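The next block is work-v4.tsv, given as TSV, C-alpha atoms.
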```tsv
chain	number	residue	atom	x	y	z
A	1	MET	CA	15.06	-38.80	-20.62
A	2	LYS	CA	12.21	-39.61	-22.94
A	3	LEU	CA	10.77	-42.39	-20.78
A	4	LEU	CA	10.22	-39.96	-17.90
A	5	GLU	CA	9.04	-37.08	-20.10
A	6	ASP	CA	6.44	-39.31	-21.71
A	7	ARG	CA	5.21	-40.45	-18.33
A	8	ILE	CA	4.92	-36.85	-17.09
A	9	LEU	CA	2.90	-35.93	-20.19
A	10	LYS	CA	0.66	-38.96	-19.76
A	11	GLU	CA	-0.01	-38.82	-16.02
A	12	GLY	CA	1.26	-35.54	-14.59
A	13	THR	CA	-1.08	-32.78	-13.54
A	14	PHE	CA	-0.18	-29.13	-13.39
A	15	LEU	CA	-1.67	-26.87	-10.75
A	16	PRO	CA	-1.54	-23.11	-10.17
A	17	GLY	CA	1.62	-21.97	-8.43
A	18	GLY	CA	3.88	-24.14	-10.54
A	19	ILE	CA	2.96	-27.37	-8.80
A	20	VAL	CA	3.64	-30.47	-10.86
A	21	ARG	CA	1.91	-33.54	-9.48
A	22	VAL	CA	3.25	-36.96	-10.37
A	23	ASP	CA	1.57	-38.88	-7.59
A	24	SER	CA	0.75	-41.85	-9.79
A	25	PHE	CA	4.37	-42.95	-10.31
A	26	LEU	CA	6.80	-40.90	-8.20
A	27	ASN	CA	5.34	-39.17	-5.14
A	28	HIS	CA	2.65	-41.38	-3.68
A	29	GLN	CA	2.35	-44.41	-5.89
A	30	LEU	CA	5.71	-45.62	-7.17
A	31	ASP	CA	6.45	-47.46	-10.40
A	32	PRO	CA	9.41	-49.70	-9.52
A	33	ALA	CA	10.28	-50.50	-13.15
A	34	LEU	CA	10.42	-46.80	-14.02
A	35	LEU	CA	12.49	-46.04	-10.92
A	36	TRP	CA	14.90	-48.80	-11.92
A	37	GLU	CA	15.44	-47.03	-15.24
A	38	LEU	CA	15.89	-43.64	-13.58
A	39	GLY	CA	18.46	-45.17	-11.23
A	40	LYS	CA	20.30	-46.70	-14.17
A	41	GLU	CA	20.39	-43.37	-15.98
A	42	PHE	CA	21.79	-41.57	-12.91
A	43	ALA	CA	24.43	-44.28	-12.57
A	44	ARG	CA	25.40	-43.88	-16.22
A	45	SER	CA	25.57	-40.07	-15.85
A	46	PHE	CA	27.75	-40.13	-12.73
A	47	ALA	CA	29.78	-43.28	-13.44
A	48	GLN	CA	33.03	-41.29	-13.82
A	49	ASP	CA	32.57	-39.00	-10.82
A	50	GLY	CA	33.98	-41.16	-8.06
A	51	VAL	CA	30.71	-41.28	-6.10
A	52	THR	CA	31.07	-43.07	-2.75
A	53	LYS	CA	27.69	-42.18	-1.26
A	54	ILE	CA	24.26	-40.93	-2.24
A	55	LEU	CA	22.41	-38.42	-0.09
A	56	THR	CA	18.68	-37.72	-0.39
A	57	VAL	CA	15.73	-36.51	1.70
A	58	GLU	CA	12.85	-38.56	3.01
A	59	ALA	CA	10.34	-39.51	1.74
A	60	SER	CA	9.95	-39.14	-2.04
A	61	GLY	CA	13.68	-39.09	-2.73
A	62	ILE	CA	14.31	-42.50	-1.18
A	63	ALA	CA	12.99	-44.76	-3.93
A	64	ILE	CA	14.94	-42.99	-6.69
A	65	ALA	CA	18.09	-42.76	-4.60
A	66	VAL	CA	18.07	-46.43	-3.67
A	67	MET	CA	17.77	-47.41	-7.34
A	68	ALA	CA	20.68	-45.12	-8.20
A	69	GLY	CA	22.63	-46.63	-5.30
A	70	LEU	CA	21.89	-50.12	-6.57
A	71	HIS	CA	23.31	-49.30	-10.00
A	72	LEU	CA	26.30	-47.34	-8.66
A	73	ASP	CA	26.90	-49.89	-5.89
A	74	VAL	CA	27.16	-47.27	-3.13
A	75	PRO	CA	25.21	-46.75	0.12
A	76	VAL	CA	22.33	-44.27	0.31
A	77	VAL	CA	21.72	-41.94	3.25
A	78	PHE	CA	18.41	-40.18	3.62
A	79	ALA	CA	18.14	-37.00	5.66
A	80	LYS	CA	15.36	-37.16	8.22
A	81	LYS	CA	13.00	-34.25	8.34
A	82	ALA	CA	12.59	-33.94	12.09
A	83	ALA	CA	14.66	-34.87	15.10
A	84	ALA	CA	13.44	-38.40	15.78
A	85	SER	CA	13.88	-39.92	19.23
A	86	ASN	CA	15.14	-43.17	17.75
A	87	LEU	CA	17.88	-41.44	15.76
A	88	GLY	CA	19.73	-41.62	19.07
A	89	SER	CA	22.25	-39.27	20.57
A	90	ASP	CA	24.90	-39.33	17.87
A	91	ASP	CA	26.36	-36.17	16.54
A	92	ILE	CA	23.97	-34.94	13.91
A	93	TYR	CA	24.50	-32.62	10.97
A	94	THR	CA	21.52	-30.33	10.49
A	95	ALA	CA	20.26	-27.78	8.01
A	96	LYS	CA	17.08	-25.74	7.97
A	97	VAL	CA	15.11	-25.74	4.74
A	98	HIS	CA	11.95	-24.04	3.61
A	99	SER	CA	9.30	-25.88	1.62
A	100	PHE	CA	7.63	-23.42	-0.74
A	101	THR	CA	5.05	-26.05	-1.71
A	102	LYS	CA	3.93	-26.56	1.86
A	103	ASN	CA	5.05	-23.14	3.14
A	104	THR	CA	6.75	-24.67	6.16
A	105	ASP	CA	10.28	-24.82	7.51
A	106	CYS	CA	11.85	-28.07	8.55
A	107	MET	CA	15.18	-29.38	9.73
A	108	LEU	CA	17.15	-31.96	7.78
A	109	ASN	CA	19.11	-34.28	10.06
A	110	VAL	CA	21.90	-36.66	9.12
A	111	SER	CA	23.93	-38.67	11.60
A	112	SER	CA	27.63	-37.85	11.41
A	113	LYS	CA	28.30	-41.60	11.30
A	114	TYR	CA	27.19	-41.89	7.72
A	115	ILE	CA	29.09	-39.14	5.90
A	116	SER	CA	32.84	-38.85	6.30
A	117	PRO	CA	35.41	-36.36	4.94
A	118	ASP	CA	36.54	-39.00	2.42
A	119	ASP	CA	33.10	-39.22	0.83
A	120	ARG	CA	32.26	-37.94	-2.65
A	121	VAL	CA	28.55	-37.42	-2.32
A	122	LEU	CA	25.93	-37.50	-5.06
A	123	ILE	CA	22.72	-35.68	-4.11
A	124	ILE	CA	19.59	-37.30	-5.55
A	125	ASP	CA	16.08	-35.89	-5.25
A	126	ASP	CA	12.72	-36.17	-6.95
A	127	PHE	CA	12.18	-32.45	-7.66
A	128	LEU	CA	14.32	-29.36	-8.08
A	129	ALA	CA	12.39	-26.10	-7.86
A	130	MET	CA	13.70	-23.33	-5.60
A	131	GLY	CA	16.66	-25.49	-4.65
A	132	GLU	CA	16.02	-25.44	-0.92
A	133	ALA	CA	16.47	-29.17	-0.31
A	134	VAL	CA	19.69	-29.30	-2.35
A	135	SER	CA	21.04	-26.28	-0.44
A	136	GLY	CA	20.29	-28.02	2.85
A	137	LEU	CA	21.95	-31.24	1.73
A	138	ARG	CA	25.00	-29.31	0.52
A	139	ALA	CA	25.25	-27.64	3.92
A	140	ILE	CA	25.26	-31.10	5.51
A	141	ILE	CA	27.98	-32.32	3.10
A	142	ASN	CA	30.05	-29.25	4.05
A	143	GLN	CA	29.56	-29.91	7.76
A	144	ALA	CA	30.88	-33.42	7.18
A	145	GLY	CA	33.90	-32.08	5.29
A	146	ALA	CA	32.91	-34.29	2.36
A	147	SER	CA	32.87	-33.24	-1.29
A	148	LEU	CA	30.01	-32.91	-3.71
A	149	ALA	CA	30.17	-35.17	-6.77
A	150	GLY	CA	27.04	-33.75	-8.34
A	151	VAL	CA	23.28	-33.44	-8.18
A	152	GLY	CA	20.83	-35.82	-9.87
A	153	ILE	CA	17.18	-34.76	-10.13
A	154	ALA	CA	14.21	-36.59	-11.59
A	155	ILE	CA	12.11	-33.51	-12.43
A	156	GLU	CA	13.49	-29.97	-12.58
A	157	LYS	CA	11.13	-27.02	-12.86
A	158	ASP	CA	12.82	-24.72	-15.33
A	159	PHE	CA	10.58	-21.82	-14.30
A	160	GLN	CA	12.02	-21.79	-10.78
A	161	PRO	CA	15.63	-20.80	-10.04
A	162	GLY	CA	17.14	-23.87	-8.31
A	163	GLY	CA	18.68	-25.41	-11.41
A	164	LYS	CA	20.02	-22.15	-12.82
A	165	LYS	CA	21.83	-21.38	-9.56
A	166	LEU	CA	23.56	-24.77	-9.51
A	167	ARG	CA	24.62	-24.51	-13.17
A	168	GLU	CA	26.01	-21.01	-12.60
A	169	GLU	CA	28.10	-22.37	-9.75
A	170	GLY	CA	29.54	-24.99	-12.09
A	171	ILE	CA	28.02	-27.90	-10.22
A	172	LYS	CA	27.32	-31.00	-12.28
A	173	LEU	CA	23.55	-31.20	-12.44
A	174	VAL	CA	21.70	-33.96	-14.25
A	175	SER	CA	17.94	-33.48	-14.45
A	176	LEU	CA	16.18	-36.35	-16.20
A	177	ALA	CA	13.22	-34.16	-17.17
A	178	VAL	CA	13.27	-30.36	-17.21
A	179	VAL	CA	9.71	-29.06	-17.22
A	180	SER	CA	9.09	-25.73	-18.86
A	181	PHE	CA	6.07	-24.00	-20.36
A	182	ASP	CA	5.93	-22.49	-23.84
A	183	GLU	CA	4.28	-19.17	-24.73
A	184	ASN	CA	0.86	-20.87	-24.93
A	185	GLY	CA	1.22	-22.25	-21.43
A	186	ASP	CA	1.70	-25.76	-22.77
A	187	ILE	CA	4.23	-28.01	-21.20
A	188	ALA	CA	7.58	-28.29	-22.96
A	189	PHE	CA	10.79	-30.04	-21.97
A	190	LYS	CA	14.23	-28.47	-22.07
A	191	ALA	CA	17.55	-30.21	-22.54
A	192	TYR	CA	20.65	-28.86	-20.77
A	193	GLN	CA	23.00	-31.76	-21.48
B	194	MET	CA	16.83	-65.00	6.23
B	195	LYS	CA	20.42	-65.52	7.20
B	196	LEU	CA	21.76	-62.56	5.22
B	197	LEU	CA	19.60	-60.16	7.23
B	198	GLU	CA	20.14	-61.92	10.57
B	199	ASP	CA	23.91	-61.74	10.09
B	200	ARG	CA	23.71	-58.06	9.30
B	201	ILE	CA	21.60	-57.37	12.38
B	202	LEU	CA	24.13	-59.22	14.55
B	203	LYS	CA	27.02	-57.33	12.97
B	204	GLU	CA	25.62	-53.80	12.93
B	205	GLY	CA	22.42	-53.64	14.97
B	206	THR	CA	22.32	-52.02	18.39
B	207	PHE	CA	19.83	-52.85	21.10
B	208	LEU	CA	18.57	-50.17	23.45
B	209	PRO	CA	16.39	-50.26	26.57
B	210	GLY	CA	12.68	-50.44	25.81
B	211	GLY	CA	13.11	-53.05	23.09
B	212	ILE	CA	14.47	-50.62	20.53
B	213	VAL	CA	16.45	-52.29	17.77
B	214	ARG	CA	18.52	-49.82	15.78
B	215	VAL	CA	19.62	-50.73	12.29
B	216	ASP	CA	20.41	-47.23	11.08
B	217	SER	CA	23.51	-48.31	9.18
B	218	PHE	CA	21.64	-50.34	6.54
B	219	LEU	CA	17.85	-49.97	6.89
B	220	ASN	CA	16.60	-46.88	8.71
B	221	HIS	CA	18.92	-44.00	7.91
B	222	GLN	CA	21.67	-45.33	5.71
B	223	LEU	CA	20.40	-47.88	3.19
B	224	ASP	CA	22.30	-50.77	1.64
B	225	PRO	CA	20.78	-51.10	-1.84
B	226	ALA	CA	22.29	-54.53	-2.52
B	227	LEU	CA	20.84	-55.91	0.73
B	228	LEU	CA	17.46	-54.32	0.00
B	229	TRP	CA	17.51	-55.93	-3.44
B	230	GLU	CA	17.88	-59.33	-1.75
B	231	LEU	CA	15.10	-58.60	0.76
B	232	GLY	CA	12.82	-57.57	-2.09
B	233	LYS	CA	13.64	-60.78	-3.95
B	234	GLU	CA	12.85	-62.86	-0.89
B	235	PHE	CA	9.47	-61.14	-0.40
B	236	ALA	CA	8.69	-61.72	-4.06
B	237	ARG	CA	9.54	-65.40	-3.72
B	238	SER	CA	7.42	-65.72	-0.57
B	239	PHE	CA	4.33	-64.04	-2.06
B	240	ALA	CA	4.70	-65.18	-5.67
B	241	GLN	CA	1.56	-67.35	-5.47
B	242	ASP	CA	-0.66	-64.85	-3.64
B	243	GLY	CA	-1.99	-62.83	-6.55
B	244	VAL	CA	-0.49	-59.55	-5.31
B	245	THR	CA	-1.53	-56.58	-7.44
B	246	LYS	CA	-0.21	-53.78	-5.22
B	247	ILE	CA	2.19	-53.17	-2.35
B	248	LEU	CA	1.30	-50.79	0.46
B	249	THR	CA	3.85	-49.37	2.90
B	250	VAL	CA	4.40	-46.32	5.11
B	251	GLU	CA	6.87	-43.51	4.58
B	252	ALA	CA	9.77	-43.27	5.15
B	253	SER	CA	11.71	-46.40	6.11
B	254	GLY	CA	9.29	-48.80	4.42
B	255	ILE	CA	9.71	-47.26	0.99
B	256	ALA	CA	13.09	-48.69	0.01
B	257	ILE	CA	12.16	-52.27	0.94
B	258	ALA	CA	8.73	-52.00	-0.65
B	259	VAL	CA	10.05	-50.66	-3.94
B	260	MET	CA	12.51	-53.55	-4.18
B	261	ALA	CA	9.70	-56.02	-3.51
B	262	GLY	CA	7.60	-54.22	-6.12
B	263	LEU	CA	10.42	-54.46	-8.63
B	264	HIS	CA	10.65	-58.23	-8.19
B	265	LEU	CA	6.87	-58.78	-8.09
B	266	ASP	CA	6.32	-56.30	-10.93
B	267	VAL	CA	3.54	-54.41	-9.14
B	268	PRO	CA	3.14	-50.74	-8.14
B	269	VAL	CA	3.96	-49.56	-4.63
B	270	VAL	CA	1.87	-47.06	-2.67
B	271	PHE	CA	3.27	-45.40	0.41
B	272	ALA	CA	0.95	-43.97	3.04
B	273	LYS	CA	1.82	-40.39	3.92
B	274	LYS	CA	2.11	-39.60	7.58
B	275	ALA	CA	0.42	-36.21	7.59
B	276	ALA	CA	-2.13	-34.45	5.42
B	277	ALA	CA	0.12	-32.74	2.89
B	278	SER	CA	-1.16	-29.78	0.93
B	279	ASN	CA	0.21	-31.17	-2.31
B	280	LEU	CA	-1.66	-34.45	-1.90
B	281	GLY	CA	-4.54	-32.47	-3.38
B	282	SER	CA	-8.23	-32.72	-2.75
B	283	ASP	CA	-8.80	-36.32	-3.76
B	284	ASP	CA	-10.75	-38.62	-1.57
B	285	ILE	CA	-8.31	-39.91	0.98
B	286	TYR	CA	-8.38	-43.05	3.10
B	287	THR	CA	-7.05	-42.36	6.58
B	288	ALA	CA	-6.14	-44.27	9.70
B	289	LYS	CA	-4.79	-43.09	13.01
B	290	VAL	CA	-1.78	-44.95	14.37
B	291	HIS	CA	0.28	-44.65	17.51
B	292	SER	CA	4.07	-44.84	17.44
B	293	PHE	CA	5.25	-46.42	20.68
B	294	THR	CA	8.88	-45.66	19.78
B	295	LYS	CA	8.20	-41.96	19.43
B	296	ASN	CA	5.13	-41.87	21.70
B	297	THR	CA	3.13	-39.87	19.18
B	298	ASP	CA	-0.02	-40.36	17.17
B	299	CYS	CA	-0.11	-39.75	13.46
B	300	MET	CA	-2.49	-40.13	10.57
B	301	LEU	CA	-1.77	-42.39	7.63
B	302	ASN	CA	-3.18	-41.01	4.38
B	303	VAL	CA	-3.65	-42.82	1.09
B	304	SER	CA	-5.37	-41.35	-1.94
B	305	SER	CA	-8.37	-43.41	-3.00
B	306	LYS	CA	-7.01	-43.28	-6.56
B	307	TYR	CA	-4.33	-45.81	-5.83
B	308	ILE	CA	-6.16	-48.69	-4.16
B	309	SER	CA	-9.23	-50.19	-5.75
B	310	PRO	CA	-11.64	-52.96	-4.69
B	311	ASP	CA	-9.96	-55.29	-7.20
B	312	ASP	CA	-6.58	-55.00	-5.54
B	313	ARG	CA	-4.89	-57.79	-3.59
B	314	VAL	CA	-2.58	-55.81	-1.38
B	315	LEU	CA	0.70	-56.92	0.15
B	316	ILE	CA	1.71	-54.80	3.16
B	317	ILE	CA	5.48	-54.34	3.47
B	318	ASP	CA	7.23	-52.59	6.35
B	319	ASP	CA	10.64	-52.42	7.95
B	320	PHE	CA	9.61	-53.32	11.51
B	321	LEU	CA	6.76	-55.15	13.21
B	322	ALA	CA	6.52	-54.51	16.94
B	323	MET	CA	3.13	-53.57	18.41
B	324	GLY	CA	1.53	-53.87	15.00
B	325	GLU	CA	0.16	-50.32	14.88
B	326	ALA	CA	1.33	-49.47	11.36
B	327	VAL	CA	0.03	-52.76	9.96
B	328	SER	CA	-3.34	-52.18	11.67
B	329	GLY	CA	-3.56	-48.74	10.12
B	330	LEU	CA	-2.67	-50.03	6.67
B	331	ARG	CA	-5.25	-52.82	7.01
B	332	ALA	CA	-7.89	-50.23	7.92
B	333	ILE	CA	-7.01	-48.37	4.73
B	334	ILE	CA	-7.24	-51.56	2.66
B	335	ASN	CA	-10.67	-52.19	4.18
B	336	GLN	CA	-11.82	-48.66	3.39
B	337	ALA	CA	-10.81	-49.27	-0.22
B	338	GLY	CA	-12.75	-52.54	-0.29
B	339	ALA	CA	-9.55	-54.30	-1.37
B	340	SER	CA	-8.26	-57.59	0.02
B	341	LEU	CA	-5.13	-58.35	1.99
B	342	ALA	CA	-2.69	-60.75	0.34
B	343	GLY	CA	-0.31	-60.83	3.29
B	344	VAL	CA	2.21	-58.94	5.34
B	345	GLY	CA	5.96	-58.88	4.68
B	346	ILE	CA	8.25	-57.52	7.40
B	347	ALA	CA	12.00	-57.09	7.44
B	348	ILE	CA	12.47	-57.26	11.21
B	349	GLU	CA	9.85	-58.55	13.63
B	350	LYS	CA	10.30	-58.09	17.36
B	351	ASP	CA	9.16	-61.37	18.85
B	352	PHE	CA	8.90	-59.83	22.33
B	353	GLN	CA	6.12	-57.46	21.20
B	354	PRO	CA	2.66	-58.70	20.21
B	355	GLY	CA	2.19	-57.49	16.62
B	356	GLY	CA	3.31	-60.69	14.91
B	357	LYS	CA	1.45	-63.00	17.28
B	358	LYS	CA	-1.83	-61.18	16.67
B	359	LEU	CA	-1.50	-61.47	12.89
B	360	ARG	CA	-0.63	-65.18	13.04
B	361	GLU	CA	-3.59	-65.86	15.34
B	362	GLU	CA	-5.85	-64.20	12.80
B	363	GLY	CA	-4.52	-66.52	10.12
B	364	ILE	CA	-2.92	-63.77	8.10
B	365	LYS	CA	0.06	-64.78	6.01
B	366	LEU	CA	3.00	-63.08	7.69
B	367	VAL	CA	6.54	-63.37	6.40
B	368	SER	CA	9.17	-61.79	8.66
B	369	LEU	CA	12.68	-62.06	7.25
B	370	ALA	CA	14.27	-61.80	10.70
B	371	VAL	CA	12.44	-62.41	13.98
B	372	VAL	CA	14.43	-60.91	16.83
B	373	SER	CA	14.10	-62.51	20.23
B	374	PHE	CA	16.21	-62.63	23.36
B	375	ASP	CA	17.29	-65.78	25.16
B	376	GLU	CA	17.35	-66.26	28.94
B	377	ASN	CA	20.75	-64.55	29.15
B	378	GLY	CA	19.43	-61.49	27.37
B	379	ASP	CA	21.42	-62.35	24.25
B	380	ILE	CA	19.87	-61.87	20.87
B	381	ALA	CA	18.40	-64.96	19.23
B	382	PHE	CA	16.42	-65.39	16.03
B	383	LYS	CA	13.19	-67.34	15.75
B	384	ALA	CA	11.80	-69.10	12.70
B	385	TYR	CA	8.03	-69.22	12.15
B	386	GLN	CA	8.03	-70.59	8.61
```

Show me the file's structure as structure tokens.
Amino acid sequence: MKLLEDRILKEGTFLPGGIVRVDSFLNHQLDPALLWELGKEFARSFAQDGVTKILTVEASGIAIAVMAGLHLDVPVVFAKKAAASNLGSDDIYTAKVHSFTKNTDCMLNVSSKYISPDDRVLIIDDFLAMGEAVSGLRAIINQAGASLAGVGIAIEKDFQPGGKKLREEGIKLVSLAVVSFDENGDIAFKAYQ
Amino acid sequence: MKLLEDRILKEGTFLPGGIVRVDSFLNHQLDPALLWELGKEFARSFAQDGVTKILTVEASGIAIAVMAGLHLDVPVVFAKKAAASNLGSDDIYTAKVHSFTKNTDCMLNVSSKYISPDDRVLIIDDFLAMGEAVSGLRAIINQAGASLAGVGIAIEKDFQPGGKKLREEGIKLVSLAVVSFDENGDIAFKAYQ
């Protein structure tokens, strides 16, 4: 998606260890008009996939997911990253995930109330790198007995294996910008669709 | 705002200690169409206040704030709740806040890049109870040398002092639903505007 690629080129910063920082429009400051367009593009991409629910992870996934939910007209559920006392005593689906960026483990928690076996779930997230968050969300979808409609990612890091693994499994993956580096170490974008 | 009040009556649950749970549309599952309407109402309420930026707190504030930002056509910044390694080494504004719901302290962090002295900042959050989050966000606005345009809240708890303190200070506070309880302990809504 050229709009997003252009914005990454203009404002993104690239740090050692494969860290891509887009704090000025996606991860700390948010550009609502851009997010609206990303949501519209996800809705267009998954319009024929029978999506009944979107699942994401707090915090950076929420803004993108809610825009996709607006355009697809489906509810959004965000997994909470730690057992919160005000999540109550419902049955909770959980999955442990590792953050390579922060080098920490955390638990994803989703109340069983909000995903049912009838749901066709679209996973939306800001980044896809090692694929840990998506794996955790898929584990939660499996616990619920729901089915996976696909995975929508704003920025995929082509130099890390998360996207490749999903494509090899035959899962429908739509990444709006796939960041790669050419032989000079300059940023380049790939297109998988 | 009747739309929100009706939804609270239909789906909200009320627990001992003044906890109001609206997990089915605001705090865990999100209803994008409802959030769109809340954002529109905030934009209408603050249209004349010269807002240049919206400030909120992760995670539950993000969806409401981004909808308000969409309608007001301004960027949204969300304060991060812990020093994250991928926030980088920028100068960071910080404020300590106490969560009475969770009985924990946490730090709010905002990069100095995203609030400037020229900004007129609208604070948006999902709940107003003791007023801790709003106090922390105001401290950050002060550190930035920016000015406060007002405070927009989805659900204010009238039986806790956060809203009263802001009104006594003369701050423009718009709460879309003000939850109170009548003498029988039944839920009632107040109107301050």

Check your understanding: How many Å lie between CA of Ser24 (chain A) and CA of Leu248 (chain B), rounded to one decimal?
Key ->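 Straight-line distance from CA of Ser24 (chain A) to CA of Leu248 (chain B) works out to 13.6 Å.
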
Exercise for review: Can you pull out every residue within 10 Å of Leu3 (chain A), counting only C-alpha atoms, but drop anything in the same chain fewer than 6 positions away, and send it as a PyMOL selection string?
Suggested key: chain A and resi 34+37-38+176-177

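The list of residues with at least one atom within 10 Å of Tyr307 (chain B), based on all atoms listed in the file and without residues fewer than 6 positions apart in the same chain, reads Asp23, Ser24, His28 and Gln29 of chain A; Lys246, Leu248, Pro268, Val269, Val270, Phe271, Ile285 and Ala337 of chain B.
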
Quick check: residues of chain A within 10 Å of chain B, only C-alpha atoms, returned as a PDB file with C-alpha atoms, in the frame of the given file.
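Wrote part_28.pdb, looks like this:
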```
ATOM      1  CA  LEU A  15      -1.670 -26.870 -10.750  1.00  0.00           C
ATOM      2  CA  ILE A  19       2.960 -27.370  -8.800  1.00  0.00           C
ATOM      3  CA  VAL A  20       3.640 -30.470 -10.860  1.00  0.00           C
ATOM      4  CA  ARG A  21       1.910 -33.540  -9.480  1.00  0.00           C
ATOM      5  CA  ASP A  23       1.570 -38.880  -7.590  1.00  0.00           C
ATOM      6  CA  SER A  24       0.750 -41.850  -9.790  1.00  0.00           C
ATOM      7  CA  PHE A  25       4.370 -42.950 -10.310  1.00  0.00           C
ATOM      8  CA  LEU A  26       6.800 -40.900  -8.200  1.00  0.00           C
ATOM      9  CA  ASN A  27       5.340 -39.170  -5.140  1.00  0.00           C
ATOM     10  CA  HIS A  28       2.650 -41.380  -3.680  1.00  0.00           C
ATOM     11  CA  GLN A  29       2.350 -44.410  -5.890  1.00  0.00           C
ATOM     12  CA  LEU A  30       5.710 -45.620  -7.170  1.00  0.00           C
ATOM     13  CA  ASP A  31       6.450 -47.460 -10.400  1.00  0.00           C
ATOM     14  CA  PRO A  32       9.410 -49.700  -9.520  1.00  0.00           C
ATOM     15  CA  ALA A  33      10.280 -50.500 -13.150  1.00  0.00           C
ATOM     16  CA  LEU A  34      10.420 -46.800 -14.020  1.00  0.00           C
ATOM     17  CA  LEU A  35      12.490 -46.040 -10.920  1.00  0.00           C
ATOM     18  CA  TRP A  36      14.900 -48.800 -11.920  1.00  0.00           C
ATOM     19  CA  LYS A  53      27.690 -42.180  -1.260  1.00  0.00           C
ATOM     20  CA  ILE A  54      24.260 -40.930  -2.240  1.00  0.00           C
ATOM     21  CA  LEU A  55      22.410 -38.420  -0.090  1.00  0.00           C
ATOM     22  CA  VAL A  57      15.730 -36.510   1.700  1.00  0.00           C
ATOM     23  CA  GLU A  58      12.850 -38.560   3.010  1.00  0.00           C
ATOM     24  CA  ALA A  59      10.340 -39.510   1.740  1.00  0.00           C
ATOM     25  CA  SER A  60       9.950 -39.140  -2.040  1.00  0.00           C
ATOM     26  CA  GLY A  61      13.680 -39.090  -2.730  1.00  0.00           C
ATOM     27  CA  ILE A  62      14.310 -42.500  -1.180  1.00  0.00           C
ATOM     28  CA  ALA A  63      12.990 -44.760  -3.930  1.00  0.00           C
ATOM     29  CA  ILE A  64      14.940 -42.990  -6.690  1.00  0.00           C
ATOM     30  CA  ALA A  65      18.090 -42.760  -4.600  1.00  0.00           C
ATOM     31  CA  VAL A  66      18.070 -46.430  -3.670  1.00  0.00           C
ATOM     32  CA  MET A  67      17.770 -47.410  -7.340  1.00  0.00           C
ATOM     33  CA  ALA A  68      20.680 -45.120  -8.200  1.00  0.00           C
ATOM     34  CA  GLY A  69      22.630 -46.630  -5.300  1.00  0.00           C
ATOM     35  CA  LEU A  70      21.890 -50.120  -6.570  1.00  0.00           C
ATOM     36  CA  HIS A  71      23.310 -49.300 -10.000  1.00  0.00           C
ATOM     37  CA  LEU A  72      26.300 -47.340  -8.660  1.00  0.00           C
ATOM     38  CA  ASP A  73      26.900 -49.890  -5.890  1.00  0.00           C
ATOM     39  CA  VAL A  74      27.160 -47.270  -3.130  1.00  0.00           C
ATOM     40  CA  PRO A  75      25.210 -46.750   0.120  1.00  0.00           C
ATOM     41  CA  VAL A  76      22.330 -44.270   0.310  1.00  0.00           C
ATOM     42  CA  VAL A  77      21.720 -41.940   3.250  1.00  0.00           C
ATOM     43  CA  PHE A  78      18.410 -40.180   3.620  1.00  0.00           C
ATOM     44  CA  ALA A  79      18.140 -37.000   5.660  1.00  0.00           C
ATOM     45  CA  LYS A  80      15.360 -37.160   8.220  1.00  0.00           C
ATOM     46  CA  ALA A  84      13.440 -38.400  15.780  1.00  0.00           C
ATOM     47  CA  SER A  85      13.880 -39.920  19.230  1.00  0.00           C
ATOM     48  CA  ASN A  86      15.140 -43.170  17.750  1.00  0.00           C
ATOM     49  CA  LEU A  87      17.880 -41.440  15.760  1.00  0.00           C
ATOM     50  CA  GLY A  88      19.730 -41.620  19.070  1.00  0.00           C
ATOM     51  CA  THR A 101       5.050 -26.050  -1.710  1.00  0.00           C
ATOM     52  CA  LYS A 102       3.930 -26.560   1.860  1.00  0.00           C
ATOM     53  CA  ASN A 103       5.050 -23.140   3.140  1.00  0.00           C
ATOM     54  CA  ASN A 109      19.110 -34.280  10.060  1.00  0.00           C
ATOM     55  CA  VAL A 110      21.900 -36.660   9.120  1.00  0.00           C
ATOM     56  CA  SER A 111      23.930 -38.670  11.600  1.00  0.00           C
ATOM     57  CA  LYS A 113      28.300 -41.600  11.300  1.00  0.00           C
ATOM     58  CA  TYR A 114      27.190 -41.890   7.720  1.00  0.00           C
ATOM     59  CA  ILE A 115      29.090 -39.140   5.900  1.00  0.00           C
TER      60      ILE A 115
END
```

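Atom pair CA of Ser180 (chain A) / CA of Glu156 (chain A) has a distance of 8.8 Å (rounded to one decimal).
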